[in-house]
$ cat model30.txt   # compact mmCIF, C-alpha atoms
# COMPACT_ATOMS: atom_id res chain seq x y z
CA MET A 1 -3.23 76.01 -22.44
CA LEU A 2 -4.07 77.47 -19.01
CA THR A 3 -6.98 75.03 -18.63
CA ARG A 4 -4.72 72.09 -19.44
CA LEU A 5 -2.10 73.32 -17.01
CA SER A 6 -4.66 73.68 -14.23
CA TYR A 7 -4.83 69.95 -13.33
CA PRO A 8 -1.10 69.42 -12.62
CA SER A 9 -1.11 72.84 -10.93
CA VAL A 10 -3.11 71.33 -8.07
CA PHE A 11 -0.13 69.11 -7.24
CA LEU A 12 2.21 72.05 -7.78
CA LEU A 13 0.14 74.26 -5.49
CA ALA A 14 0.53 71.78 -2.62
CA VAL A 15 4.31 71.77 -3.08
CA VAL A 16 4.53 75.56 -3.36
CA VAL A 17 2.40 76.09 -0.26
CA LEU A 18 3.89 73.40 1.98
CA LEU A 19 7.61 73.34 1.14
CA PRO A 20 8.50 76.93 2.16
CA VAL A 21 6.94 76.49 5.60
CA ALA A 22 7.91 72.87 6.17
CA ALA A 23 11.52 72.50 4.99
CA GLY A 24 14.68 74.42 5.61
CA GLU A 25 17.04 75.75 8.27
CA THR A 26 17.47 79.43 7.43
CA PRO A 27 14.46 81.54 8.36
CA LEU A 28 13.40 84.04 5.72
CA LEU A 29 10.33 85.56 7.27
CA HIS A 30 8.24 85.12 10.43
CA LEU A 31 4.49 85.48 10.04
CA GLY A 32 3.20 84.89 13.54
CA PRO A 33 3.55 81.19 14.34
CA ILE A 34 4.53 80.41 10.72
CA THR A 35 8.12 80.63 9.53
CA LEU A 36 9.05 80.88 5.87
CA TRP A 37 12.29 78.97 5.23
CA GLU A 38 14.84 79.97 2.58
CA GLU A 39 15.76 76.44 1.46
CA GLY A 40 12.13 75.34 1.21
CA SER A 41 11.21 78.43 -0.75
CA ALA A 42 14.13 77.91 -3.15
CA ALA A 43 13.19 74.24 -3.63
CA ALA A 44 9.53 75.17 -4.23
CA LEU A 45 10.55 77.74 -6.85
CA LEU A 46 12.87 75.22 -8.53
CA ILE A 47 10.21 72.48 -8.65
CA ALA A 48 7.53 74.91 -9.85
CA GLY A 49 9.83 76.27 -12.55
CA ARG A 50 10.92 72.86 -13.82
CA LEU A 51 7.48 71.28 -13.74
CA GLY A 52 5.95 74.31 -15.41
CA ALA A 53 8.61 74.26 -18.13
CA ILE A 54 8.23 70.51 -18.75
CA LEU A 55 4.43 70.68 -18.90
CA THR A 56 4.39 73.77 -21.12
CA LEU A 57 6.96 72.27 -23.48
CA SER A 58 5.08 68.94 -23.64
CA LEU A 59 1.76 70.64 -24.31
CA VAL A 60 3.25 72.85 -27.01
CA LEU A 61 5.02 69.86 -28.58
CA LEU A 62 1.94 67.63 -28.58
CA GLY A 63 -0.41 70.45 -29.51
CA THR A 64 1.48 71.81 -32.48
CA SER A 65 2.72 68.71 -34.29
CA PRO A 66 0.79 65.61 -35.36
CA LEU A 67 1.27 62.76 -32.93
CA LEU A 68 2.56 60.55 -35.71
CA THR A 69 5.34 63.08 -36.42
CA THR A 70 6.21 63.07 -32.73
CA ILE A 71 6.34 59.26 -32.68
CA ARG A 72 8.51 59.28 -35.81
CA ALA A 73 10.83 61.80 -34.18
CA MET A 74 11.01 59.62 -31.07
CA ARG A 75 11.83 56.68 -33.32
CA ALA A 76 14.66 58.70 -34.90
CA LEU A 77 15.93 59.47 -31.41
CA GLY A 78 16.22 55.77 -30.64
CA LEU A 79 12.78 54.61 -29.45
CA PRO A 80 12.61 50.87 -30.28
CA ALA A 81 10.45 49.99 -33.30
CA THR A 82 8.23 47.72 -31.22
CA LEU A 83 7.39 50.51 -28.77
CA ALA A 84 6.74 52.95 -31.63
CA ASP A 85 4.39 50.43 -33.29
CA MET A 86 2.65 49.83 -29.98
CA MET A 87 2.08 53.59 -29.56
CA LEU A 88 0.70 53.72 -33.09
CA PHE A 89 -1.69 50.82 -32.48
CA PHE A 90 -2.71 52.37 -29.18
CA LEU A 91 -3.64 55.59 -30.96
CA ARG A 92 -5.32 53.79 -33.84
CA TYR A 93 -7.48 51.42 -31.84
CA LEU A 94 -8.13 53.42 -28.66
CA GLN A 95 -10.99 55.22 -30.39
CA ASP A 96 -12.45 51.90 -31.61
CA LEU A 97 -12.30 50.45 -28.11
CA ALA A 98 -13.87 53.57 -26.64
CA ASP A 99 -16.68 53.31 -29.20
CA GLN A 100 -17.22 49.63 -28.37
CA LEU A 101 -17.28 50.39 -24.65
CA ALA A 102 -19.75 53.23 -25.17
CA ALA A 103 -21.99 50.98 -27.29
CA MET A 104 -21.95 48.21 -24.68
CA GLN A 105 -22.68 50.68 -21.87
CA THR A 106 -25.59 52.12 -23.87
CA ALA A 107 -26.94 48.61 -24.46
CA MET A 108 -26.72 47.92 -20.74
CA ARG A 109 -28.40 51.17 -19.78
CA LEU A 110 -31.20 50.53 -22.27
CA ARG A 111 -31.90 47.31 -20.42
CA GLY A 112 -32.12 49.09 -17.10
CA PHE A 113 -28.61 48.69 -15.73
CA ARG A 114 -27.39 51.52 -13.49
CA THR A 115 -23.77 51.63 -12.32
CA HIS A 116 -24.44 53.96 -9.39
CA ARG A 117 -26.06 51.10 -7.45
CA LEU A 118 -22.95 49.58 -5.91
CA ASN A 119 -23.66 45.98 -5.02
CA TRP A 120 -22.36 42.51 -5.80
CA ARG A 121 -24.38 42.21 -9.01
CA THR A 122 -23.17 45.60 -10.31
CA LEU A 123 -19.58 44.58 -9.71
CA LYS A 124 -20.15 41.28 -11.53
CA VAL A 125 -21.70 43.03 -14.51
CA VAL A 126 -18.91 45.62 -14.70
CA ALA A 127 -16.33 42.83 -14.48
CA ALA A 128 -18.10 40.98 -17.29
CA LEU A 129 -18.09 44.17 -19.35
CA ALA A 130 -14.36 44.65 -18.81
CA GLY A 131 -13.73 40.97 -19.62
CA SER A 132 -15.81 41.18 -22.77
CA LEU A 133 -13.90 44.27 -23.90
CA LEU A 134 -10.61 42.51 -23.21
CA VAL A 135 -11.63 39.42 -25.19
CA ARG A 136 -12.89 41.58 -28.09
CA SER A 137 -9.63 43.55 -28.09
CA TYR A 138 -7.63 40.35 -28.12
CA ALA A 139 -9.69 38.87 -30.96
CA GLN A 140 -9.35 42.09 -32.94
CA SER A 141 -5.59 42.19 -32.38
CA GLU A 142 -5.41 38.65 -33.78
CA ARG A 143 -7.36 39.69 -36.89
CA VAL A 144 -5.21 42.79 -37.37
CA LEU A 145 -2.08 40.66 -37.20
CA GLN A 146 -3.60 38.24 -39.73
CA ALA A 147 -4.34 41.16 -42.07
CA MET A 148 -0.76 42.40 -41.69
CA VAL A 149 0.79 38.98 -42.28
CA LEU A 150 -1.34 38.55 -45.42
CA ARG A 151 0.22 41.73 -46.74
CA GLY A 152 3.74 40.61 -46.04
CA TYR A 153 4.43 41.88 -42.52
CA GLY A 154 7.39 40.12 -40.94
CA ASP A 155 7.82 37.58 -43.73
CA THR A 156 11.35 36.36 -43.17
CA SER A 157 11.64 34.86 -46.64
CA ARG A 158 11.69 38.36 -48.17
CA ALA A 159 14.53 40.76 -47.61
CA HIS A 160 12.27 43.81 -48.00
CA SER A 161 9.58 42.66 -45.62
CA ARG A 162 8.98 45.26 -42.95
CA THR A 163 8.90 44.52 -39.28
CA ALA A 164 8.20 48.12 -38.23
CA LEU A 165 5.19 50.23 -39.11
CA VAL A 166 6.52 53.55 -37.94
CA LEU A 167 9.39 54.77 -40.05
CA ALA A 168 11.94 57.09 -38.46
CA PHE A 169 11.54 60.82 -39.05
CA ARG A 170 13.77 62.33 -41.73
CA ALA A 171 14.68 65.95 -41.25
CA GLY A 172 14.14 68.33 -44.16
CA LEU A 173 15.69 71.73 -44.81
CA PHE A 174 13.03 73.54 -42.80
CA ASP A 175 13.62 71.22 -39.82
CA VAL A 176 17.38 71.91 -39.93
CA LEU A 177 16.76 75.67 -40.09
CA ALA A 178 14.26 75.49 -37.21
CA LEU A 179 16.76 73.50 -35.13
CA CYS A 180 19.51 76.07 -35.83
CA GLY A 181 17.15 78.88 -34.81
CA THR A 182 16.18 77.10 -31.59
CA LEU A 183 19.82 76.41 -30.73
CA ALA A 184 20.71 80.06 -31.41
CA VAL A 185 17.96 81.24 -29.05
CA ALA A 186 19.10 78.74 -26.36
CA VAL A 187 22.74 79.83 -26.66
CA GLY A 188 21.62 83.47 -26.50
CA LEU A 189 19.66 82.84 -23.31
CA VAL A 190 22.59 81.04 -21.66
CA ALA A 191 24.96 83.81 -22.75
CA ALA A 192 22.58 86.44 -21.38
CA GLN A 193 22.46 84.60 -18.03
CA VAL A 194 26.27 84.43 -17.89
CA VAL A 195 26.73 88.09 -18.83
CA PHE A 196 23.98 89.58 -16.68
CA GLY A 197 24.47 87.20 -13.92
CA MET B 1 -19.43 19.90 -57.96
CA ASN B 2 -16.83 20.92 -60.47
CA THR B 3 -13.89 19.13 -58.90
CA ASN B 4 -13.18 17.21 -62.07
CA LEU B 5 -12.37 20.27 -64.13
CA PRO B 6 -9.03 20.16 -65.90
CA GLY B 7 -6.27 21.59 -63.69
CA ALA B 8 -4.65 23.73 -66.37
CA GLY B 9 -5.57 27.37 -65.94
CA ALA B 10 -7.10 26.87 -62.52
CA ALA B 11 -6.66 29.83 -60.21
CA LEU B 12 -7.68 27.80 -57.18
CA ARG B 13 -7.82 24.08 -56.61
CA ILE B 14 -9.04 22.67 -53.32
CA SER B 15 -9.36 18.99 -52.57
CA GLY B 16 -10.45 17.08 -49.49
CA LEU B 17 -10.35 20.17 -47.29
CA SER B 18 -11.58 19.65 -43.72
CA PHE B 19 -11.25 21.84 -40.67
CA SER B 20 -12.37 22.00 -37.03
CA TYR B 21 -11.96 24.64 -34.35
CA PRO B 22 -11.06 23.37 -30.86
CA ALA B 23 -14.53 24.27 -29.59
CA ARG B 24 -16.39 23.37 -32.78
CA ARG B 25 -15.81 20.20 -34.71
CA GLY B 26 -16.45 19.70 -38.39
CA VAL B 27 -16.61 23.29 -39.59
CA LEU B 28 -15.63 22.18 -43.10
CA HIS B 29 -16.05 18.64 -44.44
CA ASP B 30 -14.12 17.34 -47.41
CA VAL B 31 -14.53 20.47 -49.52
CA GLY B 32 -13.44 20.17 -53.14
CA LEU B 33 -13.44 23.07 -55.54
CA VAL B 34 -11.80 24.30 -58.72
CA VAL B 35 -12.00 27.96 -59.69
CA ARG B 36 -10.84 28.86 -63.17
CA LEU B 37 -9.00 32.02 -64.14
CA GLY B 38 -11.29 35.01 -64.36
CA GLU B 39 -14.24 33.34 -62.63
CA ARG B 40 -16.22 35.35 -60.09
CA VAL B 41 -17.59 32.88 -57.59
CA GLY B 42 -20.20 33.81 -55.02
CA VAL B 43 -20.17 31.80 -51.79
CA ILE B 44 -23.50 31.92 -49.99
CA GLY B 45 -24.82 30.19 -46.91
CA LEU B 46 -26.15 30.80 -43.44
CA ASN B 47 -24.10 32.31 -40.64
CA GLY B 48 -21.69 29.68 -39.37
CA SER B 49 -21.81 27.64 -42.57
CA GLY B 50 -18.02 27.96 -42.98
CA LYS B 51 -17.60 30.79 -45.52
CA THR B 52 -15.05 32.83 -43.56
CA THR B 53 -13.24 29.69 -42.42
CA LEU B 54 -12.96 28.57 -46.05
CA PHE B 55 -11.44 31.94 -46.98
CA PHE B 56 -9.01 31.83 -44.05
CA LEU B 57 -7.89 28.36 -45.11
CA ILE B 58 -7.40 29.44 -48.73
CA CYS B 59 -5.20 32.33 -47.51
CA GLY B 60 -3.27 30.19 -45.07
CA ILE B 61 -4.40 32.13 -42.01
CA LEU B 62 -5.69 28.85 -40.60
CA LYS B 63 -3.90 25.54 -40.80
CA ARG B 64 -5.96 22.88 -42.52
CA GLU B 65 -6.52 19.49 -40.91
CA THR B 66 -6.66 17.54 -44.13
CA GLY B 67 -6.70 18.33 -47.82
CA GLU B 68 -4.81 20.54 -50.20
CA VAL B 69 -5.13 24.11 -51.38
CA LEU B 70 -3.35 25.16 -54.57
CA VAL B 71 -3.42 28.77 -55.74
CA PHE B 72 -2.11 29.16 -59.28
CA ASP B 73 -0.78 25.62 -58.99
CA ARG B 74 1.34 26.44 -55.92
CA PRO B 75 0.40 25.07 -52.50
CA VAL B 76 -0.65 27.59 -49.88
CA VAL B 77 1.70 27.41 -46.89
CA PRO B 78 0.18 28.83 -43.67
CA GLY B 79 1.96 32.01 -42.62
CA ARG B 80 3.75 32.45 -45.95
CA PHE B 81 3.22 35.76 -47.78
CA ARG B 82 1.47 35.34 -51.13
CA PRO B 83 1.05 38.71 -52.87
CA ASP B 84 -0.90 37.02 -55.67
CA LEU B 85 -3.63 36.26 -53.15
CA GLY B 86 -5.63 38.99 -51.42
CA LEU B 87 -8.29 38.89 -48.72
CA VAL B 88 -10.65 41.74 -47.92
CA PHE B 89 -11.73 41.23 -44.32
CA GLN B 90 -15.31 41.39 -43.10
CA ASN B 91 -14.47 44.29 -40.78
CA PRO B 92 -12.36 46.99 -42.45
CA ASP B 93 -11.10 48.15 -39.05
CA ASP B 94 -9.13 44.90 -38.85
CA GLN B 95 -7.37 45.81 -42.04
CA LEU B 96 -6.67 49.52 -41.68
CA PHE B 97 -3.97 49.86 -39.06
CA SER B 98 -1.62 52.52 -40.44
CA PRO B 99 -1.69 56.22 -39.53
CA THR B 100 -3.06 57.31 -42.90
CA VAL B 101 -4.93 55.62 -45.73
CA GLY B 102 -1.97 56.25 -48.06
CA ASP B 103 0.42 54.52 -45.66
CA ASP B 104 -1.94 51.59 -45.37
CA VAL B 105 -2.29 51.15 -49.12
CA ALA B 106 1.52 51.34 -49.48
CA PHE B 107 2.07 48.72 -46.76
CA GLY B 108 1.72 45.65 -49.02
CA PRO B 109 3.72 46.97 -52.00
CA LEU B 110 6.55 48.03 -49.66
CA ASN B 111 6.63 44.53 -48.19
CA MET B 112 6.88 43.17 -51.72
CA GLY B 113 10.17 45.07 -52.06
CA LEU B 114 8.97 47.24 -54.93
CA PRO B 115 10.92 50.42 -55.76
CA PRO B 116 9.49 53.68 -54.34
CA ASP B 117 8.24 54.94 -57.72
CA GLU B 118 6.36 51.70 -58.32
CA VAL B 119 4.88 51.84 -54.81
CA THR B 120 3.69 55.40 -55.39
CA ALA B 121 2.19 54.45 -58.74
CA ARG B 122 0.38 51.44 -57.28
CA VAL B 123 -0.97 53.42 -54.35
CA HIS B 124 -2.28 56.08 -56.72
CA GLU B 125 -3.83 53.48 -59.01
CA ALA B 126 -5.51 51.55 -56.18
CA LEU B 127 -6.88 54.72 -54.59
CA LYS B 128 -8.14 55.95 -57.96
CA THR B 129 -9.81 52.62 -58.78
CA THR B 130 -11.67 52.64 -55.48
CA GLY B 131 -12.45 56.36 -55.59
CA CYS B 132 -10.36 57.05 -52.49
CA LEU B 133 -7.78 59.53 -53.82
CA ALA B 134 -9.14 62.28 -51.59
CA LEU B 135 -8.74 60.04 -48.53
CA ARG B 136 -5.01 59.49 -48.99
CA GLU B 137 -3.90 61.65 -46.05
CA ARG B 138 -6.90 60.88 -43.82
CA ALA B 139 -6.65 58.76 -40.67
CA PRO B 140 -8.56 55.47 -41.10
CA HIS B 141 -10.52 55.90 -37.87
CA HIS B 142 -11.98 59.17 -39.17
CA LEU B 143 -13.55 57.55 -42.23
CA SER B 144 -17.17 56.54 -42.70
CA GLY B 145 -18.09 52.85 -43.03
CA GLY B 146 -18.27 53.02 -46.83
CA GLU B 147 -14.97 54.89 -47.08
CA LYS B 148 -13.27 52.36 -44.81
CA ARG B 149 -14.54 49.52 -46.97
CA MET B 150 -13.21 51.11 -50.16
CA ALA B 151 -9.87 51.94 -48.48
CA ALA B 152 -9.58 48.32 -47.30
CA ILE B 153 -10.17 47.12 -50.87
CA ALA B 154 -7.55 49.59 -52.13
CA CYS B 155 -5.04 48.13 -49.64
CA VAL B 156 -5.45 44.71 -51.22
CA LEU B 157 -5.67 45.91 -54.84
CA ALA B 158 -2.32 47.75 -54.48
CA MET B 159 -0.59 44.34 -54.33
CA ARG B 160 -2.29 43.44 -57.64
CA PRO B 161 -3.39 39.99 -56.49
CA ARG B 162 -4.64 37.62 -59.15
CA LEU B 163 -7.05 35.88 -56.78
CA LEU B 164 -9.20 38.07 -54.55
CA LEU B 165 -11.34 36.91 -51.66
CA TYR B 166 -14.05 39.28 -50.46
CA ASP B 167 -15.57 38.36 -47.10
CA GLU B 168 -18.95 40.08 -46.90
CA PRO B 169 -17.74 43.28 -48.55
CA ASP B 170 -21.24 44.74 -48.53
CA ALA B 171 -21.73 44.52 -44.76
CA ASN B 172 -22.99 47.81 -43.24
CA LEU B 173 -22.91 49.71 -46.52
CA ASP B 174 -25.59 52.22 -47.49
CA LEU B 175 -27.23 51.97 -50.90
CA ARG B 176 -24.88 54.37 -52.64
CA ALA B 177 -21.74 52.72 -51.25
CA ARG B 178 -23.20 49.30 -52.15
CA ARG B 179 -23.76 50.44 -55.73
CA ARG B 180 -20.18 51.75 -55.96
CA LEU B 181 -18.94 48.42 -54.64
CA ILE B 182 -20.96 46.48 -57.22
CA GLN B 183 -19.57 48.65 -60.03
CA LEU B 184 -16.04 48.14 -58.72
CA LEU B 185 -16.47 44.36 -58.50
CA GLN B 186 -18.05 44.16 -61.95
CA ALA B 187 -15.15 46.09 -63.46
CA SER B 188 -12.60 43.91 -61.68
CA GLY B 189 -10.70 41.51 -63.93
CA GLU B 190 -9.24 39.32 -61.18
CA THR B 191 -10.44 35.87 -60.26
CA MET B 192 -12.69 36.37 -57.28
CA LEU B 193 -14.47 34.56 -54.48
CA LEU B 194 -17.11 36.62 -52.77
CA ALA B 195 -18.95 35.59 -49.60
CA SER B 196 -22.13 37.53 -48.99
CA HIS B 197 -25.64 37.42 -47.61
CA ASP B 198 -26.71 39.98 -50.21
CA LEU B 199 -27.91 37.56 -52.88
CA ASP B 200 -28.84 40.33 -55.30
CA LEU B 201 -25.25 41.57 -55.15
CA VAL B 202 -24.02 38.03 -55.84
CA LEU B 203 -26.41 37.84 -58.77
CA GLU B 204 -25.12 41.09 -60.23
CA VAL B 205 -21.42 40.37 -59.77
CA CYS B 206 -20.78 36.63 -59.92
CA THR B 207 -20.54 34.21 -62.80
CA ARG B 208 -20.92 31.17 -60.56
CA VAL B 209 -22.30 30.48 -57.11
CA LEU B 210 -21.70 27.90 -54.37
CA ILE B 211 -23.95 27.14 -51.44
CA LEU B 212 -22.15 26.15 -48.27
CA ASP B 213 -24.22 24.41 -45.62
CA ALA B 214 -22.75 23.02 -42.42
CA GLY B 215 -19.27 22.98 -43.94
CA ARG B 216 -20.22 21.21 -47.16
CA VAL B 217 -20.58 22.53 -50.70
CA VAL B 218 -24.15 21.51 -51.44
CA ALA B 219 -24.70 23.35 -54.72
CA ASP B 220 -22.47 24.78 -57.42
CA GLY B 221 -23.62 26.34 -60.65
CA LEU B 222 -24.78 29.42 -62.48
CA PRO B 223 -26.17 32.09 -60.14
CA HIS B 224 -29.53 32.37 -61.90
CA GLU B 225 -30.05 28.61 -61.88
CA VAL B 226 -28.93 27.92 -58.33
CA MET B 227 -30.58 30.89 -56.67
CA ASP B 228 -33.81 30.59 -58.62
CA ASP B 229 -34.29 27.05 -57.33
CA ALA B 230 -36.62 27.87 -54.43
CA ALA B 231 -36.71 24.29 -53.13
CA LEU B 232 -32.91 24.05 -53.07
CA MET B 233 -32.55 27.46 -51.43
CA GLU B 234 -35.18 26.69 -48.82
CA ALA B 235 -33.62 23.32 -48.04
CA HIS B 236 -30.48 25.18 -46.97
CA GLY B 237 -32.14 28.00 -45.08
CA LEU B 238 -31.98 30.55 -47.88
CA GLU B 239 -34.48 32.45 -50.01
CA PRO B 240 -34.22 33.35 -53.69
CA PRO B 241 -33.05 36.94 -54.16
CA TRP B 242 -35.73 39.58 -54.59
CA SER B 243 -34.77 40.27 -58.18
CA LEU B 244 -35.49 36.64 -59.14
CA ARG B 245 -38.88 36.36 -57.45
CA ALA B 246 -41.70 36.27 -59.95
CA SER B 247 -44.15 38.01 -57.70
CA ILE B 248 -42.92 40.22 -54.93
CA THR B 249 -45.21 40.10 -51.94
CA LYS B 250 -46.67 43.53 -51.35
CA PRO B 251 -46.93 44.77 -47.76
CA HIS B 252 -50.36 44.53 -46.19
CA PRO B 253 -52.26 47.83 -46.18
CA PRO B 254 -52.82 49.27 -42.70
CA LYS B 255 -56.09 48.15 -41.10
CA GLY B 256 -58.89 50.62 -40.57
$ encode --input "model30.txt" --output "structure tokens"
Amino acid sequence: MLTRLSYPSVFLLAVVVLLPVAAGETPLLHLGPITLWEEGSAAALLIAGRLGAILTLSLVLLGTSPLLTTIRAMRALGLPATLADMMLFFLRYLQDLADQLAAMQTAMRLRGFRTHRLNWRTLKVVAALAGSLLVRSYAQSERVLQAMVLRGYGDTSRAHSRTALVLAFRAGLFDVLALCGTLAVAVGLVAAQVVFG
Amino acid sequence: MNTNLPGAGAALRISGLSFSYPARRGVLHDVGLVVRLGERVGVIGLNGSGKTTLFFLICGILKRETGEVLVFDRPVVPGRFRPDLGLVFQNPDDQLFSPTVGDDVAFGPLNMGLPPDEVTARVHEALKTTGCLALRERAPHHLSGGEKRMAAIACVLAMRPRLLLYDEPDANLDLRARRRLIQLLQASGETMLLASHDLDLVLEVCTRVLILDAGRVVADGLPHEVMDDAALMEAHGLEPPWSLRASITKPHPPKG
């Protein structure tokens, strides 16, 4: 978790370091020529807190539940079916594309091609590689659609024909209990803040 | 050719079928073919001879230029869903697009509007037939080549098609997976067209064989007769399968 949080923390670090000394009107502390401003410090704390909470929550969410469950939950929350299907296809075929790219790069390296030599020919070859991958992806997407249509996808003559691959998430008893528990904790935290100030 | 067979009981009837791609003219020329119920027809020929194109035209993936394709006496309309007709693609990755194998196998039956119990039963049956029950919850991209192939076949079998088209189902399979595939195809009761470069597989599975060359059906008959005709095979760029060769050439011993 800490390793994964380290990359966005670089951005956060810049904000936390610069804002308190660069923004604000009320001086908090003088350290020689540097003044620490109250408003900048408060803003830096707010941004750091929010960003940290969002990132931690996202990482916990994505790390503890299968991505398909997350997509289904997003679908239940109103994500359009087309976008949900696109996310699914992205996940499904990203690995295939990465494998194809790796295979093509290996084939190029085995024939002496080195990308670290930046010249006109290198750029042309890399462009051809990208183009080839694009054409392959397009051709594969056509074949996938054909396979789907052959199994009844989007057939308007049938009432039951599906036009969405990802079905919306349906909450079970455990999900309802977990939601109630989470809400109880949230209400408790808010109440604690109100009471203790 | 067997185009004059009586129409009654024909699973597939093709007449005068021609097709060209924009960049390649004359991929298929006036193909005529009748496949009877229960026949297992091997389609062999060189790369680019038109095997996959023929299958795509039978399924209605491609729109034919001329000719007619009737499957169980009903014309094939391009783009129209025909659950009685199944195609197993050359590359199983084209066919396995759902998050899990179970979802993928259920995709066709759900589109057929079957009740949930029936869908579950069909998925179970198709996975059992192909030996993929243990793969039900697995993601397709985590499967081996042989597992993907069997899962792709299960996806089509779950719709219980009466005419099955296999486009090079043996491609990239190891020996064990190939043997499992042969056993599965031999046990299959559906009418079948099978395109392959593995002539021994065709010999083991099919009851009839066609040779396609440059978009034309140039031979049609019993597998043993057609594929044992060395002159005919050679004339169309093929060789008799190993199992039919009278004397198998032994490798030369190393010199010295």
$ atom_distance --input "model30.txt" --atom1 "CA of Leu123 in chain A" --atom2 "CA of Phe90 in chain A"
26.9 Å
$ atom_distance --input "model30.txt" --atom1 "CA of Arg24 in chain B" --atom2 "CA of Asp213 in chain B"
15.1 Å
$ residues_around --input "model30.txt" --residues "range 76-87 of chain B" --least-positions-apart "2" --cutoff "6 Å" --atoms "only C-alpha atoms" --output "number ranges by chain"
A: 150, 152; B: 60-61, 63, 69-70, 156, 161-165
$ interface_residues --input "model30.txt" --of "chain B" --to "chain A" --cutoff "6 Å" --atoms "only C-alpha atoms" --output "MDAnalysis selection string"
chainID B and resid 81 94:95 108 111 113
$ residues_near_point --input "model30.txt" --point "(-12.1, 41.6, -53.2)" --cutoff "12 Å" --atoms "all atoms listed in the file" --output "ChimeraX atom specification"
/B:40-42,55,85-90,130,149-170,181-182,184-196,205
$ atom_distance --input "model30.txt" --atom1 "CA of Val35 in chain B" --atom2 "CA of Arg208 in chain B"
9.5 Å
$ closest_residue --input "model30.txt" --among "B:Gly9, B:Gly50, B:Pro22, B:Gly38" --to "Arg216 in chain B" --atoms "all atoms listed in the file"
B:Gly50
$ residues_around --input "model30.txt" --residues "His236 in chain B" --least-positions-apart "3" --cutoff "10 Å" --atoms "only C-alpha atoms" --output "ChimeraX atom specification"
/B:45-46,211-214,218-219,231-233,239
$ residues_near_point --input "model30.txt" --point "(4.6, 47.8, -57.3)" --cutoff "8 Å" --atoms "only C-alpha atoms" --output "VMD selection string"
chain B and resid 109 to 110 112 114 to 115 118 to 122 158 to 159
$ residues_around --input "model30.txt" --residues "Gly40 in chain A" --least-positions-apart "3" --cutoff "8 Å" --atoms "only C-alpha atoms" --output "list in words"
Leu19, Pro20, Val21, Ala22, Ala23, Gly24, Leu36, Trp37, Ala43 and Ala44 of chain A
